[in-house]
$ cat work-v7.csv   # CSV, C-alpha atoms and all ligand atoms
chain,number,residue,atom,x,y,z
A,1,MET,CA,245.2,-7.9,134.4
A,2,THR,CA,245.1,-7.6,138.2
A,3,ALA,CA,247.3,-9.2,140.8
A,4,THR,CA,244.5,-11.8,141.4
A,5,ASP,CA,244.9,-12.9,137.8
A,6,THR,CA,248.6,-13.4,138.1
A,7,ALA,CA,247.9,-15.6,141.1
A,8,LYS,CA,245.9,-18.0,138.9
A,9,PRO,CA,247.7,-21.4,139.0
A,10,GLN,CA,249.6,-22.6,136.0
A,11,ILE,CA,248.0,-25.5,134.2
A,12,ILE,CA,250.6,-28.2,133.4
A,13,THR,CA,248.9,-31.4,132.3
A,14,GLY,CA,250.3,-34.4,130.4
A,15,LYS,CA,249.5,-32.5,127.2
A,16,ALA,CA,251.4,-29.3,128.2
A,17,LYS,CA,253.1,-27.3,125.5
A,18,LEU,CA,256.7,-26.9,126.3
A,19,ALA,CA,259.4,-24.3,125.5
A,20,GLY,CA,262.4,-22.7,127.3
A,21,VAL,CA,265.4,-20.5,126.9
A,22,LEU,CA,268.9,-21.9,126.1
A,23,GLY,CA,271.8,-19.9,127.4
A,24,TRP,CA,275.1,-20.1,129.3
A,25,PRO,CA,274.7,-18.8,131.8
A,26,VAL,CA,270.9,-18.4,131.8
A,27,ALA,CA,270.1,-17.6,135.5
A,28,HIS,CA,269.8,-13.8,134.7
A,29,SER,CA,267.2,-14.4,132.0
A,30,ARG,CA,263.7,-12.8,132.5
A,31,SER,CA,262.1,-14.9,129.8
A,32,PRO,CA,260.8,-17.6,132.2
A,33,VAL,CA,259.1,-14.9,134.3
A,34,LEU,CA,257.6,-13.3,131.2
A,35,HIS,CA,256.4,-16.5,129.4
A,36,ASN,CA,255.0,-18.2,132.5
A,37,TYR,CA,253.1,-14.9,133.3
A,38,TRP,CA,251.5,-15.0,129.9
A,39,LEU,CA,250.8,-18.8,130.2
A,40,ARG,CA,248.8,-18.1,133.4
A,41,ARG,CA,247.2,-15.0,132.0
A,42,TYR,CA,245.9,-16.8,128.9
A,43,GLY,CA,245.1,-20.1,130.7
A,44,VAL,CA,247.4,-22.0,128.4
A,45,ASP,CA,248.3,-25.6,129.3
A,46,GLY,CA,252.1,-25.2,129.1
A,47,ALA,CA,255.4,-24.4,130.7
A,48,TYR,CA,258.6,-22.4,129.9
A,49,VAL,CA,261.9,-23.3,131.6
A,50,PRO,CA,265.5,-22.1,131.8
A,51,LEU,CA,267.9,-24.4,130.0
A,52,PRO,CA,271.5,-23.8,131.0
A,53,VAL,CA,273.5,-25.4,128.2
A,54,GLU,CA,277.3,-25.2,127.7
A,55,PRO,CA,278.3,-24.2,124.1
A,56,ASP,CA,279.7,-27.7,123.4
A,57,ALA,CA,276.3,-29.3,124.3
A,58,PHE,CA,274.2,-26.9,122.3
A,59,VAL,CA,273.4,-29.2,119.3
A,60,ALA,CA,272.7,-32.2,121.5
A,61,ALA,CA,270.4,-30.1,123.7
A,62,VAL,CA,268.4,-28.7,120.8
A,63,LEU,CA,267.9,-32.2,119.2
A,64,GLY,CA,267.1,-33.6,122.6
A,65,LEU,CA,264.4,-30.9,123.2
A,66,GLN,CA,263.0,-31.6,119.8
A,67,ALA,CA,263.0,-35.4,120.6
A,68,ALA,CA,261.3,-34.7,123.9
A,69,GLY,CA,258.4,-33.0,122.2
A,70,PHE,CA,259.3,-29.3,123.0
A,71,ARG,CA,257.6,-26.8,120.6
A,72,GLY,CA,260.9,-24.8,120.5
A,73,ALA,CA,263.1,-22.5,122.5
A,74,ASN,CA,264.5,-19.0,122.8
A,75,VAL,CA,268.2,-18.7,122.4
A,76,THR,CA,270.4,-16.2,124.2
A,77,ILE,CA,274.1,-15.6,124.7
A,78,PRO,CA,276.3,-17.3,123.6
A,79,HIS,CA,274.2,-19.5,121.3
A,80,LYS,CA,272.6,-17.2,118.8
A,81,GLU,CA,275.0,-18.0,116.0
A,82,ALA,CA,274.9,-21.8,116.7
A,83,ALA,CA,271.1,-21.5,116.5
A,84,PHE,CA,271.4,-19.8,113.2
A,85,LYS,CA,273.5,-22.8,111.9
A,86,ILE,CA,271.2,-25.5,113.3
A,87,ALA,CA,268.0,-24.1,111.8
A,88,ASP,CA,266.7,-25.8,108.6
A,89,VAL,CA,264.6,-22.8,107.6
A,90,LEU,CA,265.7,-19.1,108.3
A,91,ASP,CA,263.2,-16.3,107.9
A,92,HIS,CA,264.2,-12.9,106.5
A,93,SER,CA,264.9,-11.4,110.0
A,94,ALA,CA,267.3,-14.3,110.9
A,95,GLN,CA,269.2,-13.9,107.6
A,96,ARG,CA,269.6,-10.2,108.0
A,97,ALA,CA,270.7,-10.6,111.7
A,98,GLY,CA,273.0,-13.5,111.0
A,99,ALA,CA,271.7,-14.9,114.2
A,100,VAL,CA,268.6,-16.7,115.7
A,101,ASN,CA,267.0,-16.0,119.0
A,102,THR,CA,263.8,-18.1,118.5
A,103,LEU,CA,263.7,-21.7,117.4
A,104,VAL,CA,260.4,-23.4,116.4
A,105,PHE,CA,260.2,-27.1,116.0
A,106,GLU,CA,257.6,-27.7,113.3
A,107,ASP,CA,255.4,-30.8,113.0
A,108,ASP,CA,257.3,-31.9,109.8
A,109,GLY,CA,260.5,-32.2,111.8
A,110,LYS,CA,262.0,-29.0,110.4
A,111,ILE,CA,263.6,-26.4,112.8
A,112,HIS,CA,262.7,-22.8,111.9
A,113,GLY,CA,264.8,-19.9,113.1
A,114,TYR,CA,263.8,-16.3,113.6
A,115,SER,CA,265.6,-13.2,115.0
A,116,THR,CA,263.0,-11.1,116.8
A,117,ASP,CA,265.3,-8.7,118.6
A,118,GLY,CA,265.4,-6.0,116.0
A,119,ALA,CA,261.6,-6.2,115.3
A,120,GLY,CA,261.1,-6.1,119.1
A,121,PHE,CA,263.1,-2.9,119.3
A,122,VAL,CA,261.0,-1.3,116.5
A,123,ALA,CA,257.8,-2.5,118.1
A,124,SER,CA,258.8,-1.1,121.5
A,125,MET,CA,259.5,2.3,119.8
A,126,GLU,CA,256.1,2.3,118.2
A,127,ALA,CA,254.4,1.3,121.4
A,128,ALA,CA,256.0,4.3,123.1
A,129,GLY,CA,254.7,6.5,120.2
A,130,LEU,CA,258.3,7.3,119.1
A,131,ASN,CA,258.1,6.7,115.3
A,132,PRO,CA,261.2,8.3,113.7
A,133,PRO,CA,260.3,9.6,110.3
A,134,LYS,CA,261.3,7.4,107.4
A,135,GLN,CA,264.5,8.8,105.8
A,136,ALA,CA,265.6,9.7,109.4
A,137,GLN,CA,269.1,8.8,110.4
A,138,ALA,CA,269.9,6.5,113.3
A,139,LEU,CA,273.2,6.1,115.1
A,140,LEU,CA,273.9,2.8,116.9
A,141,LEU,CA,276.6,2.5,119.5
A,142,GLY,CA,278.2,-1.0,119.2
A,143,ALA,CA,278.8,-3.5,116.4
A,144,GLY,CA,277.9,-6.8,118.1
A,145,GLY,CA,275.0,-9.1,117.5
A,146,ALA,CA,272.5,-6.8,119.1
A,147,ALA,CA,273.7,-3.9,116.9
A,148,ARG,CA,273.2,-6.1,113.8
A,149,SER,CA,269.6,-7.1,114.6
A,150,VAL,CA,268.6,-3.5,115.5
A,151,ALA,CA,270.4,-2.0,112.4
A,152,ALA,CA,268.8,-4.5,110.1
A,153,ALA,CA,265.3,-3.9,111.5
A,154,LEU,CA,265.7,-0.1,111.3
A,155,GLN,CA,267.0,-0.3,107.7
A,156,ASP,CA,264.0,-2.5,106.8
A,157,CYS,CA,261.8,0.3,108.2
A,158,GLY,CA,263.5,2.7,105.7
A,159,LEU,CA,265.9,4.5,108.1
A,160,ARG,CA,269.4,5.3,107.2
A,161,VAL,CA,271.6,3.7,109.8
A,162,ALA,CA,275.2,4.4,111.0
A,163,VAL,CA,277.2,2.5,113.6
A,164,THR,CA,280.1,3.5,115.7
A,165,ASN,CA,282.2,1.1,117.7
A,166,ARG,CA,285.3,1.1,119.9
A,167,THR,CA,286.8,-1.4,117.6
A,168,GLN,CA,286.3,0.2,114.2
A,169,GLY,CA,287.1,-3.0,112.3
A,170,ARG,CA,284.0,-4.7,113.7
A,171,ALA,CA,281.9,-1.8,112.6
A,172,GLU,CA,283.3,-2.1,109.1
A,173,GLU,CA,282.6,-5.9,109.1
A,174,LEU,CA,279.0,-5.0,110.0
A,175,ALA,CA,278.8,-2.6,107.2
A,176,LYS,CA,279.8,-5.4,104.8
A,177,ALA,CA,277.0,-7.6,106.1
A,178,LEU,CA,274.4,-4.8,105.9
A,179,PRO,CA,274.9,-2.8,102.7
A,180,GLY,CA,274.1,0.9,103.1
A,181,LEU,CA,275.3,1.0,106.7
A,182,ASP,CA,277.6,4.0,107.5
A,183,VAL,CA,280.5,3.9,109.9
A,184,VAL,CA,281.3,6.8,112.2
A,185,PRO,CA,284.6,6.8,114.2
A,186,TRP,CA,284.1,6.1,117.9
A,187,ASN,CA,286.0,9.3,118.9
A,188,ALA,CA,283.8,11.5,116.6
A,189,TRP,CA,280.2,10.4,117.3
A,190,GLU,CA,279.5,12.8,120.1
A,191,GLN,CA,280.4,15.8,117.9
A,192,ARG,CA,278.3,14.4,115.0
A,193,LEU,CA,275.2,13.8,117.0
A,194,GLY,CA,273.3,16.7,115.5
A,195,THR,CA,272.9,14.8,112.2
A,196,PHE,CA,270.9,12.0,113.8
A,197,SER,CA,267.3,11.8,115.0
A,198,LEU,CA,267.7,8.4,116.8
A,199,LEU,CA,270.6,7.2,119.0
A,200,VAL,CA,270.6,3.6,120.3
A,201,ASN,CA,273.0,2.1,122.7
A,202,THR,CA,273.4,-1.6,121.8
A,203,THR,CA,276.4,-2.2,123.9
A,204,SER,CA,276.5,-3.3,127.6
A,205,LEU,CA,277.9,0.1,128.5
A,206,GLY,CA,275.7,1.5,131.3
A,207,MET,CA,274.6,-1.9,132.4
A,208,GLU,CA,274.8,-2.9,136.1
A,209,GLY,CA,277.8,-5.2,136.3
A,210,GLY,CA,278.8,-4.4,132.8
A,211,PRO,CA,282.2,-3.1,131.5
A,212,ASP,CA,281.4,0.5,132.4
A,213,ALA,CA,278.2,1.0,134.5
A,214,ALA,CA,278.8,4.8,134.7
A,215,PHE,CA,278.9,5.3,130.8
A,216,ARG,CA,277.4,8.7,130.4
A,217,PRO,CA,278.5,10.3,127.1
A,218,SER,CA,278.0,13.9,126.2
A,219,LEU,CA,274.7,14.8,124.4
A,220,ALA,CA,275.7,18.5,124.1
A,221,HIS,CA,275.6,18.3,120.2
A,222,ALA,CA,272.2,16.6,120.0
A,223,GLY,CA,269.3,18.2,118.1
A,224,LYS,CA,266.3,18.8,120.3
A,225,GLU,CA,264.2,16.2,118.5
A,226,LEU,CA,266.8,13.4,119.1
A,227,VAL,CA,265.3,10.2,120.6
A,228,VAL,CA,267.7,8.3,122.8
A,229,ALA,CA,267.2,4.6,123.3
A,230,ASP,CA,269.1,2.0,125.3
A,231,ILE,CA,268.7,-1.7,125.0
A,232,VAL,CA,270.1,-2.1,128.5
A,233,TYR,CA,267.2,-2.6,131.0
A,234,VAL,CA,269.1,-3.0,134.3
A,235,PRO,CA,269.1,-0.3,135.5
A,236,ARG,CA,265.8,0.9,134.0
A,237,ILE,CA,267.2,4.4,133.6
A,238,THR,CA,270.8,4.0,132.5
A,239,PRO,CA,273.2,7.0,132.9
A,240,LEU,CA,272.8,7.6,129.1
A,241,LEU,CA,269.0,7.9,129.5
A,242,ALA,CA,269.4,10.1,132.6
A,243,GLU,CA,271.6,12.4,130.6
A,244,ALA,CA,269.1,12.5,127.7
A,245,GLN,CA,266.3,13.2,130.2
A,246,SER,CA,268.2,16.0,131.8
A,247,ALA,CA,268.7,17.5,128.3
A,248,GLY,CA,264.9,17.3,127.7
A,249,LEU,CA,265.1,14.6,125.0
A,250,HIS,CA,262.7,11.7,124.4
A,251,THR,CA,264.0,8.4,125.8
A,252,LEU,CA,263.3,4.7,125.5
A,253,GLY,CA,264.5,2.0,127.9
A,254,GLY,CA,265.3,-1.6,127.0
A,255,LEU,CA,262.5,-3.4,128.8
A,256,GLY,CA,260.1,-2.9,126.0
A,257,MET,CA,262.4,-4.6,123.5
A,258,LEU,CA,262.7,-7.6,125.8
A,259,LEU,CA,259.0,-7.9,126.1
A,260,HIS,CA,258.2,-7.4,122.4
A,261,GLN,CA,260.9,-9.8,121.1
A,262,ALA,CA,259.2,-12.5,123.1
A,263,ARG,CA,255.8,-12.3,121.4
A,264,LEU,CA,256.6,-14.2,118.2
A,265,GLY,CA,257.9,-17.3,120.0
A,266,PHE,CA,255.0,-17.3,122.5
A,267,GLN,CA,252.5,-17.2,119.6
A,268,LYS,CA,254.3,-20.0,117.6
A,269,TRP,CA,254.7,-22.3,120.6
A,270,TYR,CA,251.5,-21.7,122.5
A,271,GLY,CA,249.1,-20.5,119.9
A,272,VAL,CA,248.2,-17.1,121.5
A,273,ASN,CA,249.4,-13.7,120.4
A,274,PRO,CA,250.3,-12.2,123.8
A,275,GLU,CA,249.8,-8.6,124.7
A,276,VAL,CA,252.6,-6.3,125.9
A,277,ASP,CA,250.8,-3.9,128.2
A,278,ALA,CA,251.5,-2.0,131.4
A,279,ALA,CA,250.6,-5.0,133.5
A,280,THR,CA,253.1,-7.2,131.7
A,281,GLU,CA,255.8,-4.6,132.1
A,282,ALA,CA,255.0,-4.2,135.8
A,283,PHE,CA,255.1,-7.9,136.4
A,284,VAL,CA,258.5,-8.4,134.7
A,285,GLN,CA,259.9,-5.2,136.3
A,286,GLU,CA,258.9,-6.6,139.8
A,287,SER,CA,261.2,-9.6,139.2
A,288,PHE,CA,264.3,-7.4,139.1
B,1,LIG,P1,276.2,-8.5,121.7
B,1,LIG,O1,276.2,-9.7,120.8
B,1,LIG,O2,275.3,-8.7,122.9
B,1,LIG,O3,276.0,-7.2,121.0
B,1,LIG,P2,279.1,-8.4,121.8
B,1,LIG,O4,279.2,-9.0,120.5
B,1,LIG,O5,280.0,-8.9,122.8
B,1,LIG,O6,277.6,-8.5,122.4
B,1,LIG,O7,279.2,-6.8,121.6
B,1,LIG,C1,279.4,-6.0,122.7
B,1,LIG,C2,279.5,-4.5,122.2
B,1,LIG,O8,279.8,-3.7,123.3
B,1,LIG,C3,280.7,-4.3,121.2
B,1,LIG,O9,280.3,-3.3,120.3
B,1,LIG,C4,281.8,-3.8,122.1
B,1,LIG,O10,282.8,-3.1,121.4
B,1,LIG,P3,284.1,-3.8,120.8
B,1,LIG,O11,283.7,-4.4,119.5
B,1,LIG,O12,285.1,-2.7,120.6
B,1,LIG,O13,284.5,-4.8,121.8
B,1,LIG,C5,281.0,-3.0,123.0
B,1,LIG,N1,281.8,-2.8,124.3
B,1,LIG,C6,282.0,-3.6,125.3
B,1,LIG,N2,282.7,-3.1,126.3
B,1,LIG,C7,283.0,-1.8,125.8
B,1,LIG,C8,283.8,-0.7,126.4
B,1,LIG,N3,284.4,-0.8,127.6
B,1,LIG,N4,283.9,0.4,125.7
B,1,LIG,C9,283.3,0.5,124.4
B,1,LIG,N5,282.6,-0.5,123.9
B,1,LIG,C10,282.5,-1.6,124.6

$ encode --input "work-v7.csv" --output "structure tokens"
Amino acid sequence: MTATDTAKPQIITGKAKLAGVLGWPVAHSRSPVLHNYWLRRYGVDGAYVPLPVEPDAFVAAVLGLQAAGFRGANVTIPHKEAAFKIADVLDHSAQRAGAVNTLVFEDDGKIHGYSTDGAGFVASMEAAGLNPPKQAQALLLGAGGAARSVAAALQDCGLRVAVTNRTQGRAEELAKALPGLDVVPWNAWEQRLGTFSLLVNTTSLGMEGGPDAAFRPSLAHAGKELVVADIVYVPRITPLLAEAQSAGLHTLGGLGMLLHQARLGFQKWYGVNPEVDAATEAFVQESF
């Protein structure tokens, strides 16, 4: 796709297919940029809008969107658990994640919920040609919602997964929700890195404006085949990824996950399976 194609006007007629992203706040979301890019690219009569909704108003907003003829919505922080509760039908990914990031309003009035974050992470790894061998061991930093989706998706791919978290109790809670998950103490993971072939940061450490933007752990104990991934995408190269690159390790940034997790919703709402390619990545990257 060329710059000329992205300059194609969006078609929004009286029959336009509508979707959006529910969040609080939502101003930082790149989803409107991405979905409207795809709508123009594929010439779909439709629109995708940011929907800033306070937690107390979430249920009313979802039912209101459904009543107004929306096809569905993405759901971001802090509504992913509320979206899980409001869905009438939960697919396997949502059940495993305990959360929903994609709502689809079906013609029969039922609300279907999906969690595409974990599958988006796996797809972005595959797209980058980084397929960790089955039976490989992955270590995830963090035990929040993002960790649960990624851990579940990696387990579903046959990997053995461990988590480490500043608050150990949360990691243990996660291990109860996802049988087979190992827990590594937060103060020991750097030393134990040699056991793992994939390291994924699922926390906001290293994120611009996050709790510790300079987060740059030691990778001195890493094996030389270790793949280091970060779900943070601002900055594109986090300090963790910079450390991995300087150690000569393979790295994966978070933008690919953001793009791949969006595909299922787009396909369900607008009827086109969108491509994640270099042009898509460049277009979204330019919006930062
Ligand atoms: P999400 O649902 O996006 O994963 P979350 O549930 O708030 O967000 O989880 C944030 C993760 O980042 C947690 O694992 C959190 O660790 P705690 O459970 O100990 O809070 C981790 N995190 C946030 N700030 C951190 C910090 N300064 N040091 C270490 N971990 C941190």

$ atom_distance --input "work-v7.csv" --atom1 "CA of Arg216 in chain A" --atom2 "atom C5 of ligand LIG 1 (chain B)"
14.3 Å

$ residues_near_ligand --input "work-v7.csv" --ligand "ligand LIG 1 (chain B)" --cutoff "12 Å" --atoms "all atoms listed in the file" --output "MDAnalysis selection string"
chainID A and resid 76:81 97:101 117:118 140:151 163:174 185:187 200:207 209:217 231:232

$ write_last_selection --input "work-v7.csv" --atoms "C-alpha atoms" --output "compact mmCIF listing (two decimals), keeping the file's coordinate frame"
# COMPACT_ATOMS: atom_id res chain seq x y z
CA THR A 76 270.40 -16.20 124.20
CA ILE A 77 274.10 -15.60 124.70
CA PRO A 78 276.30 -17.30 123.60
CA HIS A 79 274.20 -19.50 121.30
CA LYS A 80 272.60 -17.20 118.80
CA GLU A 81 275.00 -18.00 116.00
CA ALA A 97 270.70 -10.60 111.70
CA GLY A 98 273.00 -13.50 111.00
CA ALA A 99 271.70 -14.90 114.20
CA VAL A 100 268.60 -16.70 115.70
CA ASN A 101 267.00 -16.00 119.00
CA ASP A 117 265.30 -8.70 118.60
CA GLY A 118 265.40 -6.00 116.00
CA LEU A 140 273.90 2.80 116.90
CA LEU A 141 276.60 2.50 119.50
CA GLY A 142 278.20 -1.00 119.20
CA ALA A 143 278.80 -3.50 116.40
CA GLY A 144 277.90 -6.80 118.10
CA GLY A 145 275.00 -9.10 117.50
CA ALA A 146 272.50 -6.80 119.10
CA ALA A 147 273.70 -3.90 116.90
CA ARG A 148 273.20 -6.10 113.80
CA SER A 149 269.60 -7.10 114.60
CA VAL A 150 268.60 -3.50 115.50
CA ALA A 151 270.40 -2.00 112.40
CA VAL A 163 277.20 2.50 113.60
CA THR A 164 280.10 3.50 115.70
CA ASN A 165 282.20 1.10 117.70
CA ARG A 166 285.30 1.10 119.90
CA THR A 167 286.80 -1.40 117.60
CA GLN A 168 286.30 0.20 114.20
CA GLY A 169 287.10 -3.00 112.30
CA ARG A 170 284.00 -4.70 113.70
CA ALA A 171 281.90 -1.80 112.60
CA GLU A 172 283.30 -2.10 109.10
CA GLU A 173 282.60 -5.90 109.10
CA LEU A 174 279.00 -5.00 110.00
CA PRO A 185 284.60 6.80 114.20
CA TRP A 186 284.10 6.10 117.90
CA ASN A 187 286.00 9.30 118.90
CA VAL A 200 270.60 3.60 120.30
CA ASN A 201 273.00 2.10 122.70
CA THR A 202 273.40 -1.60 121.80
CA THR A 203 276.40 -2.20 123.90
CA SER A 204 276.50 -3.30 127.60
CA LEU A 205 277.90 0.10 128.50
CA GLY A 206 275.70 1.50 131.30
CA MET A 207 274.60 -1.90 132.40
CA GLY A 209 277.80 -5.20 136.30
CA GLY A 210 278.80 -4.40 132.80
CA PRO A 211 282.20 -3.10 131.50
CA ASP A 212 281.40 0.50 132.40
CA ALA A 213 278.20 1.00 134.50
CA ALA A 214 278.80 4.80 134.70
CA PHE A 215 278.90 5.30 130.80
CA ARG A 216 277.40 8.70 130.40
CA PRO A 217 278.50 10.30 127.10
CA ILE A 231 268.70 -1.70 125.00
CA VAL A 232 270.10 -2.10 128.50

$ atom_distance --input "work-v7.csv" --atom1 "CA of His221 in chain A" --atom2 "CA of Leu241 in chain A"
15.4 Å

$ atom_distance --input "work-v7.csv" --atom1 "CA of Gln191 in chain A" --atom2 "CA of Gln137 in chain A"
15.3 Å

$ closest_residue --input "work-v7.csv" --among "A:Ala282, A:Leu159, A:Leu139, A:Leu259" --to "Leu226 in chain A" --atoms "only C-alpha atoms"
A:Leu139

$ residues_near_point --input "work-v7.csv" --point "(264.4, -5.7, 122.0)" --cutoff "9 Å" --atoms "only C-alpha atoms" --output "MDAnalysis selection string"
chainID A and resid 116:124 146 150 231 254:262

$ closest_residue --input "work-v7.csv" --among "A:Glu54, A:Asp45, A:Glu126, A:Asp156" --to "Leu181 in chain A" --atoms "all atoms listed in the file"
A:Asp156

$ closest_residue --input "work-v7.csv" --among "A:Ala19, A:Leu199, A:Val276, A:Ala61" --to "Leu240 in chain A" --atoms "all atoms listed in the file"
A:Leu199

$ closest_atom_pairs --input "work-v7.csv" --of "range 201-260 of chain A" --to "range 131-136 of chain A" --cutoff "12 Å" --atoms "only C-alpha atoms" --output "Markdown table"
| residue | atom | partner | partner_atom | distance |
| --- | --- | --- | --- | --- |
| A:Glu225 | CA | A:Pro132 | CA | 9.7 |
| A:Leu226 | CA | A:Pro132 | CA | 9.3 |
| A:Val227 | CA | A:Pro132 | CA | 8.2 |
| A:Val228 | CA | A:Pro132 | CA | 11.2 |
| A:Ala229 | CA | A:Pro132 | CA | 11.9 |
| A:His250 | CA | A:Pro132 | CA | 11.3 |
| A:Leu252 | CA | A:Asn131 | CA | 11.6 |

$ closest_residue --input "work-v7.csv" --among "A:Ala177, A:Ala67, A:Leu34, A:Ala222" --to "Asp277 in chain A" --atoms "all atoms listed in the file"
A:Leu34

$ closest_residue --input "work-v7.csv" --among "A:Thr195, A:Ser115, A:Ser31, A:Gln66" --to "Gln285 in chain A" --atoms "all atoms listed in the file"
A:Ser31

$ closest_residue --input "work-v7.csv" --among "A:Leu198, A:Val21, A:Ala47, A:Gly223" --to "Leu130 in chain A" --atoms "only C-alpha atoms"
A:Leu198

$ residues_around --input "work-v7.csv" --residues "Trp269 in chain A" --least-positions-apart "5" --cutoff "10 Å" --atoms "all atoms listed in the file" --output "list of chain:residue names"
A:Lys17, A:Leu18, A:Ala19, A:Gly46, A:Phe70, A:Arg71, A:Gly72, A:Ala73, A:Leu103, A:Val104, A:Phe105, A:Glu106, A:Leu264

$ decode --input "work-v7.csv" --residues "range 65-71 of chain A" --atoms "all heavy atoms" --output "PDB file, in the first residue's frame"
ATOM      1  N   LEU A  65     -24.419   1.033  22.793  1.00  0.00           N
ATOM      2  CA  LEU A  65     -23.777   0.827  21.481  1.00  0.00           C
ATOM      3  C   LEU A  65     -24.522  -0.270  20.713  1.00  0.00           C
ATOM      4  O   LEU A  65     -24.767  -0.150  19.505  1.00  0.00           O
ATOM      5  CB  LEU A  65     -22.309   0.398  21.661  1.00  0.00           C
ATOM      6  CG  LEU A  65     -21.348   1.456  22.195  1.00  0.00           C
ATOM      7  CD1 LEU A  65     -19.992   0.821  22.489  1.00  0.00           C
ATOM      8  CD2 LEU A  65     -21.195   2.613  21.211  1.00  0.00           C
ATOM      9  N   GLN A  66     -24.891  -1.307  21.446  1.00  0.00           N
ATOM     10  CA  GLN A  66     -25.617  -2.414  20.804  1.00  0.00           C
ATOM     11  C   GLN A  66     -26.960  -1.905  20.266  1.00  0.00           C
ATOM     12  O   GLN A  66     -27.324  -2.192  19.123  1.00  0.00           O
ATOM     13  CB  GLN A  66     -25.828  -3.538  21.823  1.00  0.00           C
ATOM     14  CG  GLN A  66     -26.315  -4.827  21.208  1.00  0.00           C
ATOM     15  CD  GLN A  66     -26.524  -5.921  22.260  1.00  0.00           C
ATOM     16  OE1 GLN A  66     -26.782  -5.625  23.430  1.00  0.00           O
ATOM     17  NE2 GLN A  66     -26.421  -7.163  21.848  1.00  0.00           N
ATOM     18  N   ALA A  67     -27.656  -1.110  21.091  1.00  0.00           N
ATOM     19  CA  ALA A  67     -28.960  -0.569  20.669  1.00  0.00           C
ATOM     20  C   ALA A  67     -28.814   0.375  19.484  1.00  0.00           C
ATOM     21  O   ALA A  67     -29.729   0.506  18.663  1.00  0.00           O
ATOM     22  CB  ALA A  67     -29.614   0.155  21.846  1.00  0.00           C
ATOM     23  N   ALA A  68     -27.655   1.032  19.389  1.00  0.00           N
ATOM     24  CA  ALA A  68     -27.439   1.991  18.302  1.00  0.00           C
ATOM     25  C   ALA A  68     -26.935   1.328  17.022  1.00  0.00           C
ATOM     26  O   ALA A  68     -26.620   2.004  16.049  1.00  0.00           O
ATOM     27  CB  ALA A  68     -26.452   3.064  18.762  1.00  0.00           C
ATOM     28  N   GLY A  69     -26.844   0.003  17.036  1.00  0.00           N
ATOM     29  CA  GLY A  69     -26.485  -0.701  15.807  1.00  0.00           C
ATOM     30  C   GLY A  69     -25.006  -0.924  15.586  1.00  0.00           C
ATOM     31  O   GLY A  69     -24.596  -1.340  14.498  1.00  0.00           O
ATOM     32  N   PHE A  70     -24.166  -0.649  16.609  1.00  0.00           N
ATOM     33  CA  PHE A  70     -22.741  -0.966  16.467  1.00  0.00           C
ATOM     34  C   PHE A  70     -22.570  -2.475  16.270  1.00  0.00           C
ATOM     35  O   PHE A  70     -23.375  -3.265  16.733  1.00  0.00           O
ATOM     36  CB  PHE A  70     -21.968  -0.509  17.722  1.00  0.00           C
ATOM     37  CG  PHE A  70     -21.473   0.912  17.670  1.00  0.00           C
ATOM     38  CD1 PHE A  70     -22.366   1.967  17.486  1.00  0.00           C
ATOM     39  CD2 PHE A  70     -20.127   1.205  17.804  1.00  0.00           C
ATOM     40  CE1 PHE A  70     -21.913   3.293  17.439  1.00  0.00           C
ATOM     41  CE2 PHE A  70     -19.653   2.526  17.754  1.00  0.00           C
ATOM     42  CZ  PHE A  70     -20.547   3.558  17.574  1.00  0.00           C
ATOM     43  N   ARG A  71     -21.489  -2.838  15.582  1.00  0.00           N
ATOM     44  CA  ARG A  71     -21.167  -4.267  15.383  1.00  0.00           C
ATOM     45  C   ARG A  71     -20.445  -4.846  16.588  1.00  0.00           C
ATOM     46  O   ARG A  71     -20.366  -6.056  16.742  1.00  0.00           O
ATOM     47  CB  ARG A  71     -20.235  -4.419  14.178  1.00  0.00           C
ATOM     48  CG  ARG A  71     -20.821  -3.914  12.877  1.00  0.00           C
ATOM     49  CD  ARG A  71     -21.791  -4.951  12.371  1.00  0.00           C
ATOM     50  NE  ARG A  71     -22.446  -4.537  11.163  1.00  0.00           N
ATOM     51  CZ  ARG A  71     -22.486  -5.272  10.051  1.00  0.00           C
ATOM     52  NH1 ARG A  71     -21.868  -6.427  10.002  1.00  0.00           N
ATOM     53  NH2 ARG A  71     -23.149  -4.845   9.016  1.00  0.00           N
TER      54      ARG A  71
END
